[in-house]
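Chemist: Here you go, entry.cif (mmCIF, C-alpha atoms and all ligand atoms):
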data_upload
loop_
_atom_site.label_atom_id
_atom_site.label_comp_id
_atom_site.auth_asym_id
_atom_site.auth_seq_id
_atom_site.Cartn_x
_atom_site.Cartn_y
_atom_site.Cartn_z
CA MET Y 1 129.30 94.74 91.83
CA GLY Y 2 127.33 97.54 93.32
CA HIS Y 3 126.96 98.75 96.85
CA LEU Y 4 123.68 99.51 98.53
CA PRO Y 5 123.26 101.86 101.46
CA ARG Y 6 121.80 100.66 104.73
CA ARG Y 7 118.03 100.24 104.92
CA PRO Y 8 116.65 103.67 105.87
CA ARG Y 9 114.75 104.04 109.10
CA ARG Y 10 112.15 106.24 107.45
CA PRO Y 11 109.46 104.36 105.52
CA PRO Y 12 109.34 105.05 101.76
CA ALA Y 13 106.99 107.77 100.51
CA ALA Y 14 104.84 105.04 98.94
CA ARG Y 15 105.01 101.27 98.88
CA VAL Y 16 102.99 99.95 95.94
CA PHE Y 17 103.86 101.24 92.46
CA ILE Y 18 101.81 99.93 89.55
CA ILE Y 19 103.24 100.54 86.07
CA GLY Y 20 100.86 100.11 83.16
CA PHE Y 21 99.49 101.37 79.90
CA VAL Y 22 97.02 99.54 77.69
CA LYS Y 23 99.40 99.07 74.77
CA GLY Y 24 102.68 97.26 74.18
CA GLY Y 25 106.07 98.90 73.80
CA THR Y 26 105.51 102.07 75.82
CA ALA Y 27 108.50 101.53 78.15
CA LYS Y 28 106.53 99.94 80.99
CA SER Y 29 109.13 97.29 81.74
CA THR Y 30 112.02 99.73 81.46
CA SER Y 31 110.17 102.13 83.77
CA ALA Y 32 109.33 99.39 86.27
CA PHE Y 33 112.99 98.41 86.35
CA PHE Y 34 114.25 101.93 86.96
CA ILE Y 35 111.59 102.72 89.57
CA ALA Y 36 112.50 99.54 91.46
CA LEU Y 37 116.17 100.48 91.12
CA TYR Y 38 115.46 103.99 92.44
CA TRP Y 39 114.09 102.65 95.73
CA ALA Y 40 116.71 99.91 95.97
CA LEU Y 41 119.51 102.47 95.60
CA LEU Y 42 118.03 104.32 98.58
CA GLY Y 43 118.46 101.13 100.59
CA TYR Y 44 114.88 99.88 100.62
CA LYS Y 45 114.01 96.23 100.25
CA VAL Y 46 112.27 96.07 96.88
CA LEU Y 47 110.31 93.45 94.98
CA ALA Y 48 109.50 93.86 91.29
CA ILE Y 49 106.62 91.71 90.09
CA ASP Y 50 106.71 90.80 86.42
CA ALA Y 51 103.03 90.48 85.54
CA ASP Y 52 103.50 90.33 81.78
CA PRO Y 53 103.46 86.59 81.02
CA LYS Y 54 104.07 87.12 77.31
CA SER Y 55 107.34 89.02 77.50
CA GLN Y 56 108.63 88.35 81.04
CA MET Y 57 110.95 91.26 80.42
CA LEU Y 58 111.85 91.92 84.06
CA ARG Y 59 112.52 88.25 84.73
CA GLN Y 60 114.80 88.03 81.66
CA TRP Y 61 116.49 91.31 82.57
CA ALA Y 62 117.34 90.05 86.06
CA LYS Y 63 118.51 86.69 84.70
CA LYS Y 64 120.82 88.30 82.13
CA ALA Y 65 122.18 90.72 84.68
CA ARG Y 66 123.01 87.91 87.11
CA GLU Y 67 124.72 85.95 84.32
CA ARG Y 68 126.85 89.03 83.69
CA GLY Y 69 127.94 89.08 87.33
CA TYR Y 70 125.75 91.83 88.72
CA THR Y 71 124.16 91.48 92.11
CA MET Y 72 120.52 92.36 91.54
CA PRO Y 73 119.69 95.21 93.95
CA PHE Y 74 116.07 94.06 94.14
CA LYS Y 75 114.20 90.82 93.75
CA VAL Y 76 112.12 89.94 90.69
CA GLU Y 77 109.23 87.50 90.85
CA VAL Y 78 106.85 86.43 88.12
CA LEU Y 79 103.22 87.06 89.03
CA ASP Y 80 101.62 84.13 90.76
CA VAL Y 81 97.89 83.53 90.53
CA ASP Y 82 96.37 86.75 91.83
CA LEU Y 83 97.95 90.20 91.68
CA ARG Y 84 96.25 91.54 94.78
CA ASP Y 85 97.19 88.50 96.89
CA HIS Y 86 100.75 88.56 95.57
CA VAL Y 87 101.22 92.23 96.46
CA LYS Y 88 99.59 91.83 99.87
CA GLU Y 89 101.91 88.96 100.74
CA ALA Y 90 104.95 90.80 99.40
CA LEU Y 91 104.24 93.79 101.65
CA GLU Y 92 104.96 91.58 104.66
CA ASP Y 93 108.56 91.16 103.47
CA TYR Y 94 109.34 94.18 101.31
CA ASP Y 95 109.34 97.94 101.78
CA VAL Y 96 108.42 98.67 98.17
CA VAL Y 97 106.62 96.59 95.52
CA VAL Y 98 106.74 97.61 91.85
CA VAL Y 99 104.49 95.83 89.35
CA ASP Y 100 104.98 95.75 85.58
CA THR Y 101 101.40 94.97 84.49
CA GLY Y 102 102.26 94.63 80.80
CA GLY Y 103 100.13 96.07 78.02
CA GLY Y 104 97.89 93.20 77.04
CA ASP Y 105 95.55 92.74 79.98
CA PRO Y 106 93.60 95.79 81.21
CA ALA Y 107 92.18 93.70 84.06
CA LEU Y 108 95.64 93.55 85.64
CA LEU Y 109 96.03 97.31 85.47
CA HIS Y 110 92.54 97.74 86.92
CA ASP Y 111 93.31 95.34 89.78
CA GLY Y 112 96.61 97.09 90.35
CA ALA Y 113 94.85 100.43 90.71
CA THR Y 114 92.63 99.01 93.47
CA ILE Y 115 95.67 98.36 95.69
CA ALA Y 116 98.23 100.89 94.45
CA ASP Y 117 99.68 103.87 96.25
CA VAL Y 118 100.92 105.12 92.89
CA VAL Y 119 99.94 104.23 89.31
CA LEU Y 120 102.33 105.44 86.62
CA MET Y 121 101.51 105.25 82.94
CA PRO Y 122 104.32 105.83 80.44
CA PHE Y 123 103.71 106.78 76.83
CA ALA Y 124 105.88 108.08 74.02
CA PRO Y 125 104.94 111.31 72.23
CA SER Y 126 103.30 109.81 69.18
CA GLU Y 127 99.74 109.69 67.97
CA GLY Y 128 99.43 105.90 68.25
CA GLU Y 129 100.28 106.01 71.94
CA VAL Y 130 98.28 109.12 72.79
CA TRP Y 131 95.21 107.40 71.31
CA ARG Y 132 95.37 104.86 74.12
CA ILE Y 133 95.43 107.42 76.92
CA PRO Y 134 91.61 107.62 77.37
CA GLY Y 135 91.18 103.85 77.57
CA THR Y 136 94.12 103.48 79.91
CA TRP Y 137 92.75 106.25 82.12
CA THR Y 138 89.26 104.70 82.30
CA THR Y 139 90.80 101.39 83.33
CA VAL Y 140 92.88 103.02 86.08
CA ALA Y 141 90.14 105.39 87.28
CA THR Y 142 87.59 102.58 87.73
CA GLY Y 143 90.15 100.60 89.71
CA ALA Y 144 91.14 103.63 91.76
CA GLU Y 145 87.50 104.21 92.77
CA GLN Y 146 87.67 100.92 94.67
CA ASN Y 147 90.98 101.80 96.33
CA PRO Y 148 90.24 102.51 100.00
CA ASN Y 149 93.49 104.44 100.52
CA GLY Y 150 93.44 106.85 97.63
CA VAL Y 151 95.97 106.70 94.87
CA VAL Y 152 98.24 109.05 92.96
CA ALA Y 153 97.83 108.18 89.27
CA ALA Y 154 99.57 109.99 86.44
CA PHE Y 155 100.83 109.65 82.91
CA PHE Y 156 104.40 110.52 82.05
CA MET Y 157 106.23 110.93 78.80
CA VAL Y 158 109.06 108.61 77.84
CA ARG Y 159 111.38 108.67 74.86
CA ALA Y 160 111.04 112.45 74.68
CA ASP Y 161 113.36 113.66 71.94
CA HIS Y 162 113.56 117.43 72.20
CA ARG Y 163 115.41 117.72 68.92
CA THR Y 164 111.93 117.17 67.49
CA ARG Y 165 108.68 119.02 68.18
CA LEU Y 166 106.94 115.81 69.26
CA PRO Y 167 107.24 116.04 73.07
CA ARG Y 168 105.91 119.59 73.14
CA LYS Y 169 103.18 118.93 70.59
CA TRP Y 170 101.80 115.90 72.39
CA ARG Y 171 102.15 117.44 75.85
CA GLU Y 172 100.01 120.36 74.65
CA GLU Y 173 97.46 118.00 73.13
CA VAL Y 174 97.13 116.02 76.34
CA GLU Y 175 97.15 119.03 78.65
CA ASN Y 176 94.55 120.87 76.56
CA ASP Y 177 92.10 117.99 76.60
CA LYS Y 178 89.72 119.40 79.25
CA ASP Y 179 86.50 118.21 80.85
CA GLU Y 180 83.29 120.26 81.14
CA ASN Y 181 84.71 122.08 84.19
CA GLY Y 182 87.78 123.12 82.27
CA ASP Y 183 90.08 120.76 84.17
CA PRO Y 184 92.57 118.57 82.30
CA LYS Y 185 91.11 115.11 81.78
CA TYR Y 186 94.41 113.31 82.09
CA PRO Y 187 97.05 114.01 84.76
CA LEU Y 188 100.45 114.35 83.11
CA LEU Y 189 103.65 114.73 85.11
CA GLN Y 190 106.11 117.49 84.21
CA ALA Y 191 109.10 115.17 84.46
CA GLU Y 192 109.96 113.41 81.21
CA ILE Y 193 112.22 110.51 80.39
CA ASN Y 194 114.35 111.54 77.48
CA GLN Y 195 115.00 109.42 74.45
CA GLY Y 196 118.36 107.89 75.18
CA VAL Y 197 120.75 105.07 74.47
CA PHE Y 198 121.34 104.83 78.23
CA TYR Y 199 117.86 103.32 78.73
CA ILE Y 200 118.15 100.98 75.77
CA GLU Y 201 121.54 99.70 76.83
CA ALA Y 202 120.44 99.25 80.43
CA ILE Y 203 118.47 96.14 79.52
CA GLY Y 204 120.19 93.09 80.97
CA HIS Y 205 122.45 95.27 83.12
CA VAL Y 206 122.20 97.09 86.44
CA PRO Y 207 123.14 100.75 85.95
CA ALA Y 208 124.58 102.65 88.91
CA GLU Y 209 122.07 105.46 88.48
CA VAL Y 210 118.52 105.92 87.27
CA GLY Y 211 118.85 108.85 84.84
CA ASP Y 212 115.67 110.89 84.39
CA TYR Y 213 113.72 108.52 86.64
CA ASP Y 214 115.25 110.42 89.55
CA ASP Y 215 113.31 113.59 88.63
CA LEU Y 216 110.22 111.53 87.93
CA MET Y 217 110.23 109.93 91.38
CA LYS Y 218 110.92 113.26 93.07
CA GLU Y 219 107.86 114.76 91.37
CA VAL Y 220 105.76 111.76 92.39
CA ILE Y 221 106.92 112.14 96.01
CA GLU Y 222 105.82 115.80 95.91
CA GLU Y 223 102.43 114.70 94.53
CA LEU Y 224 102.09 112.21 97.38
CA LYS Y 225 102.79 114.94 99.93
CA ALA Y 226 100.18 117.21 98.29
CA ALA Y 227 97.53 114.46 98.11
N1 LIG H 301 113.93 106.48 77.40
C1 LIG H 301 114.08 105.65 76.38
N2 LIG H 301 114.76 106.01 75.28
C2 LIG H 301 114.89 105.19 74.23
N3 LIG H 301 114.38 103.95 74.17
C3 LIG H 301 113.70 103.51 75.23
C4 LIG H 301 113.50 104.32 76.39
N4 LIG H 301 112.77 103.61 77.28
C5 LIG H 301 112.52 102.42 76.71
N5 LIG H 301 113.07 102.35 75.48
C6 LIG H 301 113.02 101.22 74.52
O1 LIG H 301 111.66 101.06 74.10
C7 LIG H 301 111.38 99.70 73.86
C8 LIG H 301 110.15 99.29 74.64
O2 LIG H 301 110.44 99.38 76.03
P1 LIG H 301 109.82 98.35 77.07
O3 LIG H 301 110.23 98.82 78.41
O4 LIG H 301 110.16 96.94 76.71
O5 LIG H 301 108.27 98.62 76.82
P2 LIG H 301 106.97 97.79 77.30
O6 LIG H 301 107.33 97.04 78.54
O7 LIG H 301 105.95 98.85 77.53
O8 LIG H 301 106.59 96.90 76.16
C9 LIG H 301 112.62 98.93 74.28
O9 LIG H 301 113.38 98.65 73.13
C10 LIG H 301 113.36 99.91 75.18
O10 LIG H 301 114.75 99.71 75.18
MG MG H 302 107.17 95.03 78.88
#
What's the structure tokens form of this structure?
Modeler:
Amino acid sequence: MGHLPRRPRRPPAARVFIIGFVKGGTAKSTSAFFIALYWALLGYKVLAIDADPKSQMLRQWAKKARERGYTMPFKVEVLDVDLRDHVKEALEDYDVVVVDTGGGDPALLHDGATIADVVLMPFAPSEGEVWRIPGTWTTVATGAEQNPNGVVAAFFMVRADHRTRLPRKWREEVENDKDENGDPKYPLLQAEINQGVFYIEAIGHVPAEVGDYDDLMKEVIEELKAA
């Protein structure tokens, strides 16, 4: 099942994508899967590292998909001892590395930010998730300070249900939280991942397309060009 295009001659816009948020259940694993799939569908050689030992969601997802007869378009490995070493080694073999850092260990997200090209932090528009934005940002920002190459880091909204006022309400809250210079404290992408059965039912399967993650990655690529 599935057909992948030839490996492009052009290098990808970025190689190391770290997905994290310091809280469980914010669609990190789903996002890591779709971001890995995005690059794989373009023909790149992709590794997804499952760094959440408690849930091992990506590992299970790949296993289920293979049992169902899919050819996984990218490889999934469970994190070995050290995240930075694992990513560094992977870059010798893969074009793109996507890491699901899980929600339970801020140290992993911090370490990820030290080596990332891109850090993406998904949250749903609800108070309980927005509460964790400052802590997540501090974790990423302190890691990013040690990143010699510079990093694009941004939050994005998942499970946005526009039949409700929640996405707009929480976007305004986040965007209006300004520092002393009047700049927004927390970078928030315009692209949103809608609430949808498509994403729920994707688990354990390999969809032929990436839904709203296409717009998300295109916005990130624009951010990389501007950086
Ligand atoms: N866009 C979406 N719309 C609806 N449900 C979603 C969406 N993205 C993820 N989910 C669901 O949210 C739950 C948590 O997602 P998951 O990726 O496992 O989060 P995390 O890895 O952060 O714990 C799962 O049941 C998943 O199917
Ligand atoms: Mg997870």
Chemist: Which residues form the shell of 6 Å around ligand LIG 301 (chain H) when you count all atoms listed in the file, given as a PyMOL selection string?
Modeler: chain Y and resi 24-30+158-159+193-197+199-200
Chemist: With a cut-off of 12 Å, could you pull out the residues of chain Y touching ligand MG 302 (chain H) and give me the nearest pair of atoms for each, distance in Å to one decimal, using only C-alpha atoms and all ligand atoms, ordered by chain and ascending number, as JSON lines?
Modeler:
{"residue": "Y:Ile19", "atom": "CA", "partner": "H:MG302", "partner_atom": "MG", "distance": 9.9}
{"residue": "Y:Gly20", "atom": "CA", "partner": "H:MG302", "partner_atom": "MG", "distance": 9.2}
{"residue": "Y:Phe21", "atom": "CA", "partner": "H:MG302", "partner_atom": "MG", "distance": 10.0}
{"residue": "Y:Val22", "atom": "CA", "partner": "H:MG302", "partner_atom": "MG", "distance": 11.2}
{"residue": "Y:Lys23", "atom": "CA", "partner": "H:MG302", "partner_atom": "MG", "distance": 9.7}
{"residue": "Y:Gly24", "atom": "CA", "partner": "H:MG302", "partner_atom": "MG", "distance": 6.9}
{"residue": "Y:Gly25", "atom": "CA", "partner": "H:MG302", "partner_atom": "MG", "distance": 6.5}
{"residue": "Y:Thr26", "atom": "CA", "partner": "H:MG302", "partner_atom": "MG", "distance": 7.9}
{"residue": "Y:Ala27", "atom": "CA", "partner": "H:MG302", "partner_atom": "MG", "distance": 6.7}
{"residue": "Y:Lys28", "atom": "CA", "partner": "H:MG302", "partner_atom": "MG", "distance": 5.4}
{"residue": "Y:Ser29", "atom": "CA", "partner": "H:MG302", "partner_atom": "MG", "distance": 4.1}
{"residue": "Y:Thr30", "atom": "CA", "partner": "H:MG302", "partner_atom": "MG", "distance": 7.2}
{"residue": "Y:Ser31", "atom": "CA", "partner": "H:MG302", "partner_atom": "MG", "distance": 9.1}
{"residue": "Y:Ala32", "atom": "CA", "partner": "H:MG302", "partner_atom": "MG", "distance": 8.8}
{"residue": "Y:Phe33", "atom": "CA", "partner": "H:MG302", "partner_atom": "MG", "distance": 10.1}
{"residue": "Y:Ile49", "atom": "CA", "partner": "H:MG302", "partner_atom": "MG", "distance": 11.7}
{"residue": "Y:Asp50", "atom": "CA", "partner": "H:MG302", "partner_atom": "MG", "distance": 8.7}
{"residue": "Y:Ala51", "atom": "CA", "partner": "H:MG302", "partner_atom": "MG", "distance": 9.1}
{"residue": "Y:Asp52", "atom": "CA", "partner": "H:MG302", "partner_atom": "MG", "distance": 6.6}
{"residue": "Y:Pro53", "atom": "CA", "partner": "H:MG302", "partner_atom": "MG", "distance": 9.5}
{"residue": "Y:Lys54", "atom": "CA", "partner": "H:MG302", "partner_atom": "MG", "distance": 8.6}
{"residue": "Y:Ser55", "atom": "CA", "partner": "H:MG302", "partner_atom": "MG", "distance": 6.2}
{"residue": "Y:Gln56", "atom": "CA", "partner": "H:MG302", "partner_atom": "MG", "distance": 7.2}
{"residue": "Y:Met57", "atom": "CA", "partner": "H:MG302", "partner_atom": "MG", "distance": 5.6}
{"residue": "Y:Leu58", "atom": "CA", "partner": "H:MG302", "partner_atom": "MG", "distance": 7.6}
{"residue": "Y:Arg59", "atom": "CA", "partner": "H:MG302", "partner_atom": "MG", "distance": 10.4}
{"residue": "Y:Gln60", "atom": "CA", "partner": "H:MG302", "partner_atom": "MG", "distance": 10.7}
{"residue": "Y:Trp61", "atom": "CA", "partner": "H:MG302", "partner_atom": "MG", "distance": 10.7}
{"residue": "Y:Val99", "atom": "CA", "partner": "H:MG302", "partner_atom": "MG", "distance": 10.8}
{"residue": "Y:Asp100", "atom": "CA", "partner": "H:MG302", "partner_atom": "MG", "distance": 7.1}
{"residue": "Y:Thr101", "atom": "CA", "partner": "H:MG302", "partner_atom": "MG", "distance": 8.0}
{"residue": "Y:Gly102", "atom": "CA", "partner": "H:MG302", "partner_atom": "MG", "distance": 5.3}
{"residue": "Y:Gly103", "atom": "CA", "partner": "H:MG302", "partner_atom": "MG", "distance": 7.2}
{"residue": "Y:Gly104", "atom": "CA", "partner": "H:MG302", "partner_atom": "MG", "distance": 9.6}
{"residue": "Y:Asp105", "atom": "CA", "partner": "H:MG302", "partner_atom": "MG", "distance": 11.9}
{"residue": "Y:Pro122", "atom": "CA", "partner": "H:MG302", "partner_atom": "MG", "distance": 11.3}
{"residue": "Y:Ile203", "atom": "CA", "partner": "H:MG302", "partner_atom": "MG", "distance": 11.4}
Chemist: At a cut-off of 12 Å, using all atoms listed in the file, what residues contact Glu173 (chain Y)? Leave out same-chain residues fewer than 6 positions from it and give the result as a list in words.
Modeler: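 My reading of the contact set: Pro125, Ser126, Glu127, Val130, Trp131, Ile133, Leu166, Pro167, Pro184, Lys185, Tyr186 and Leu188 of chain Y.
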Chemist: Write out as lines of an AutoDock Vina configuration file an axis-aligned box for region 133-144 of chain Y: all of its atoms listed in the file, 8 Å added on each side, centre and edge lengths in Å with one decimal.
Modeler:
center_x = 91.5
center_y = 104.1
center_z = 84.3
size_x = 23.8
size_y = 23.0
size_z = 30.8
Chemist: Return the single residue from Y:Ile18, Y:Leu41, Y:Ala62, Y:Arg9 that is closest to Leu109 (chain Y), with distances computed using all atoms listed in the file.
Modeler: Y:Ile18
Chemist: Between CA of Met121 (chain Y) and CA of Pro8 (chain Y), what is the distance, to one decimal in Å?
Modeler: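 Answer for the CA of Met121 (chain Y) to CA of Pro8 (chain Y) separation: 27.5 Å.
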Chemist: What is the CA of Glu172 (chain Y) to CA of Glu223 (chain Y) distance in Å?
Modeler: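 About the pair CA of Glu172 (chain Y) and CA of Glu223 (chain Y): they are 20.8 Å apart.
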Chemist: Which of these, Y:Glu175, Y:Gln190, Y:Asn147, Y:Trp170, has the shortest distance to Glu222 (chain Y) once you count all atoms listed in the file?
Modeler: Y:Gln190
Chemist: Compile the contact shell of Ala141 (chain Y) as an mmCIF file with C-alpha atoms, keeping the file's coordinate frame: residues with an atom at most 10 Å away, counting all atoms listed in the file, same-chain residues fewer than 4 positions apart removed.
Modeler:
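Dumped everything to around33.cif:
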data_model
loop_
_atom_site.group_PDB
_atom_site.id
_atom_site.type_symbol
_atom_site.label_atom_id
_atom_site.label_comp_id
_atom_site.auth_asym_id
_atom_site.auth_seq_id
_atom_site.Cartn_x
_atom_site.Cartn_y
_atom_site.Cartn_z
ATOM 1 C CA HIS Y 110 92.540 97.740 86.920
ATOM 2 C CA ALA Y 113 94.850 100.430 90.710
ATOM 3 C CA THR Y 114 92.630 99.010 93.470
ATOM 4 C CA GLY Y 135 91.180 103.850 77.570
ATOM 5 C CA THR Y 136 94.120 103.480 79.910
ATOM 6 C CA TRP Y 137 92.750 106.250 82.120
ATOM 7 C CA GLU Y 145 87.500 104.210 92.770
ATOM 8 C CA GLN Y 146 87.670 100.920 94.670
ATOM 9 C CA ASN Y 147 90.980 101.800 96.330
ATOM 10 C CA VAL Y 151 95.970 106.700 94.870
ATOM 11 C CA ALA Y 153 97.830 108.180 89.270
#
Chemist: Given all atoms listed in the file as the basis, pick out the residue of Y:Leu42, Y:Val152, Y:Val210, Y:Ala160 nearest to Ala124 (chain Y).
Modeler: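 Nearest to Ala124 (chain Y): Y:Ala160.
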Chemist: Just to confirm, what's the straight-line distance from CA of Ala208 (chain Y) to CA of Glu92 (chain Y) in Å (one decimal)?
Modeler: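 Here the two named atoms are 27.5 Å from each other.
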Chemist: May I ask which of the residues Y:Val16, Y:Leu91, Y:Ile221, Y:Val76 is the closest one to Gly112 (chain Y), counting only C-alpha atoms?
Modeler: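 Using only C-alpha atoms, the shortest distance to Gly112 (chain Y) belongs to Y:Val16.
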Chemist: Need the shell around Arg15 (chain Y): protein/DNA/RNA residues with any atom at most 9 Å away, counting only C-alpha atoms. Skip same-chain ones fewer than 4 positions apart. Format as a list of chain:residue names?
Modeler: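 My list of contacting residues is Y:Pro11, Y:Leu91, Y:Tyr94, Y:Asp95, Y:Val96, Y:Val97, Y:Val98, Y:Ala116, Y:Asp117, Y:Val118.
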Chemist: Write the residues of the selection above to a file with C-alpha atoms, as a PDB file, in the coordinates of the input.
Modeler:
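Produced file part-v8.pdb, reproduced below:
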ATOM      1  CA  PRO Y  11     109.460 104.360 105.520  1.00  0.00           C
ATOM      2  CA  LEU Y  91     104.240  93.790 101.650  1.00  0.00           C
ATOM      3  CA  TYR Y  94     109.340  94.180 101.310  1.00  0.00           C
ATOM      4  CA  ASP Y  95     109.340  97.940 101.780  1.00  0.00           C
ATOM      5  CA  VAL Y  96     108.420  98.670  98.170  1.00  0.00           C
ATOM      6  CA  VAL Y  97     106.620  96.590  95.520  1.00  0.00           C
ATOM      7  CA  VAL Y  98     106.740  97.610  91.850  1.00  0.00           C
ATOM      8  CA  ALA Y 116      98.230 100.890  94.450  1.00  0.00           C
ATOM      9  CA  ASP Y 117      99.680 103.870  96.250  1.00  0.00           C
ATOM     10  CA  VAL Y 118     100.920 105.120  92.890  1.00  0.00           C
TER      11      VAL Y 118
END
Chemist: Which residue out of Y:Ile115, Y:Arg163, Y:Ala65, Y:Met72 has the minimum interatomic distance to Asp85 (chain Y) when only C-alpha atoms are used?
Modeler: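 Looking at the shortest contact to Asp85 (chain Y), the residue is Y:Ile115.
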Chemist: Considering all atoms listed in the file, can you say which of Y:Leu79, Y:Ala13, Y:Leu47, Y:Leu120 comes closest to Tyr213 (chain Y)?
Modeler: Y:Leu120
Chemist: So that I can check the surroundings of Asp111 (chain Y), please list as number ranges by chain every protein, DNA and RNA residue that reaches within 9 Å of it, counting only C-alpha atoms and ignoring chain neighbours fewer than 3 positions away.
Modeler: Y: 83-84, 106-108, 114-116, 140, 143-144
Chemist: Filtering to C-alpha atoms, could region 84-153 of chain Y of the supplied structure be written out as a JSON list (two decimals), in the first residue's frame?
Modeler:
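The result, written out as result05.json:
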[["chain", "number", "residue", "atom", "x", "y", "z"],
["Y", 84, "ARG", "CA", 21.15, 14.38, 21.40],
["Y", 85, "ASP", "CA", 23.36, 11.40, 20.50],
["Y", 86, "HIS", "CA", 20.43, 9.56, 18.94],
["Y", 87, "VAL", "CA", 19.50, 12.51, 16.73],
["Y", 88, "LYS", "CA", 23.11, 13.18, 15.75],
["Y", 89, "GLU", "CA", 23.59, 9.57, 14.67],
["Y", 90, "ALA", "CA", 20.27, 9.52, 12.84],
["Y", 91, "LEU", "CA", 21.25, 12.56, 10.77],
["Y", 92, "GLU", "CA", 23.97, 10.46, 9.14],
["Y", 93, "ASP", "CA", 21.29, 8.19, 7.65],
["Y", 94, "TYR", "CA", 18.12, 10.26, 7.43],
["Y", 95, "ASP", "CA", 17.10, 13.50, 5.77],
["Y", 96, "VAL", "CA", 14.58, 14.42, 8.46],
["Y", 97, "VAL", "CA", 14.29, 13.42, 12.13],
["Y", 98, "VAL", "CA", 11.06, 14.04, 14.06],
["Y", 99, "VAL", "CA", 11.02, 13.54, 17.84],
["Y", 100, "ASP", "CA", 7.93, 13.02, 19.98],
["Y", 101, "THR", "CA", 9.30, 14.14, 23.37],
["Y", 102, "GLY", "CA", 6.17, 13.21, 25.31],
["Y", 103, "GLY", "CA", 4.66, 15.39, 28.01],
["Y", 104, "GLY", "CA", 6.18, 14.04, 31.19],
["Y", 105, "ASP", "CA", 9.83, 15.00, 31.01],
["Y", 106, "PRO", "CA", 10.69, 18.67, 30.43],
["Y", 107, "ALA", "CA", 14.39, 17.76, 30.28],
["Y", 108, "LEU", "CA", 13.79, 15.94, 26.99],
["Y", 109, "LEU", "CA", 12.07, 18.95, 25.49],
["Y", 110, "HIS", "CA", 14.88, 21.19, 26.73],
["Y", 111, "ASP", "CA", 17.53, 18.88, 25.22],
["Y", 112, "GLY", "CA", 15.55, 18.72, 22.02],
["Y", 113, "ALA", "CA", 15.53, 22.50, 21.75],
["Y", 114, "THR", "CA", 19.34, 22.57, 21.97],
["Y", 115, "ILE", "CA", 19.64, 20.57, 18.72],
["Y", 116, "ALA", "CA", 16.39, 21.36, 16.89],
["Y", 117, "ASP", "CA", 15.89, 23.25, 13.68],
["Y", 118, "VAL", "CA", 12.21, 23.51, 14.57],
["Y", 119, "VAL", "CA", 10.34, 23.08, 17.87],
["Y", 120, "LEU", "CA", 6.58, 22.74, 17.57],
["Y", 121, "MET", "CA", 4.28, 22.81, 20.58],
["Y", 122, "PRO", "CA", 0.67, 21.73, 20.10],
["Y", 123, "PHE", "CA", -2.10, 22.67, 22.51],
["Y", 124, "ALA", "CA", -5.87, 22.52, 22.40],
["Y", 125, "PRO", "CA", -7.92, 25.68, 23.02],
["Y", 126, "SER", "CA", -8.81, 25.07, 26.65],
["Y", 127, "GLU", "CA", -7.77, 26.74, 29.85],
["Y", 128, "GLY", "CA", -6.00, 23.66, 31.25],
["Y", 129, "GLU", "CA", -3.69, 23.52, 28.25],
["Y", 130, "VAL", "CA", -3.11, 27.25, 27.91],
["Y", 131, "TRP", "CA", -1.96, 27.28, 31.56],
["Y", 132, "ARG", "CA", 1.02, 25.17, 30.55],
["Y", 133, "ILE", "CA", 2.18, 27.47, 27.76],
["Y", 134, "PRO", "CA", 4.50, 29.63, 29.96],
["Y", 135, "GLY", "CA", 6.26, 26.63, 31.49],
["Y", 136, "THR", "CA", 6.60, 24.93, 28.13],
["Y", 137, "TRP", "CA", 8.00, 28.12, 26.61],
["Y", 138, "THR", "CA", 10.58, 28.59, 29.39],
["Y", 139, "THR", "CA", 11.74, 25.02, 28.89],
["Y", 140, "VAL", "CA", 12.12, 25.49, 25.13],
["Y", 141, "ALA", "CA", 13.63, 28.98, 25.33],
["Y", 142, "THR", "CA", 16.37, 27.91, 27.77],
["Y", 143, "GLY", "CA", 17.24, 25.01, 25.48],
["Y", 144, "ALA", "CA", 17.15, 27.20, 22.39],
["Y", 145, "GLU", "CA", 19.65, 29.62, 23.97],
["Y", 146, "GLN", "CA", 22.21, 26.81, 23.81],
["Y", 147, "ASN", "CA", 21.38, 25.96, 20.20],
["Y", 148, "PRO", "CA", 24.30, 27.13, 18.06],
["Y", 149, "ASN", "CA", 22.25, 27.14, 14.85],
["Y", 150, "GLY", "CA", 19.19, 29.08, 15.88],
["Y", 151, "VAL", "CA", 15.79, 27.52, 16.03],
["Y", 152, "VAL", "CA", 12.26, 28.26, 14.90],
["Y", 153, "ALA", "CA", 10.00, 27.54, 17.88]]
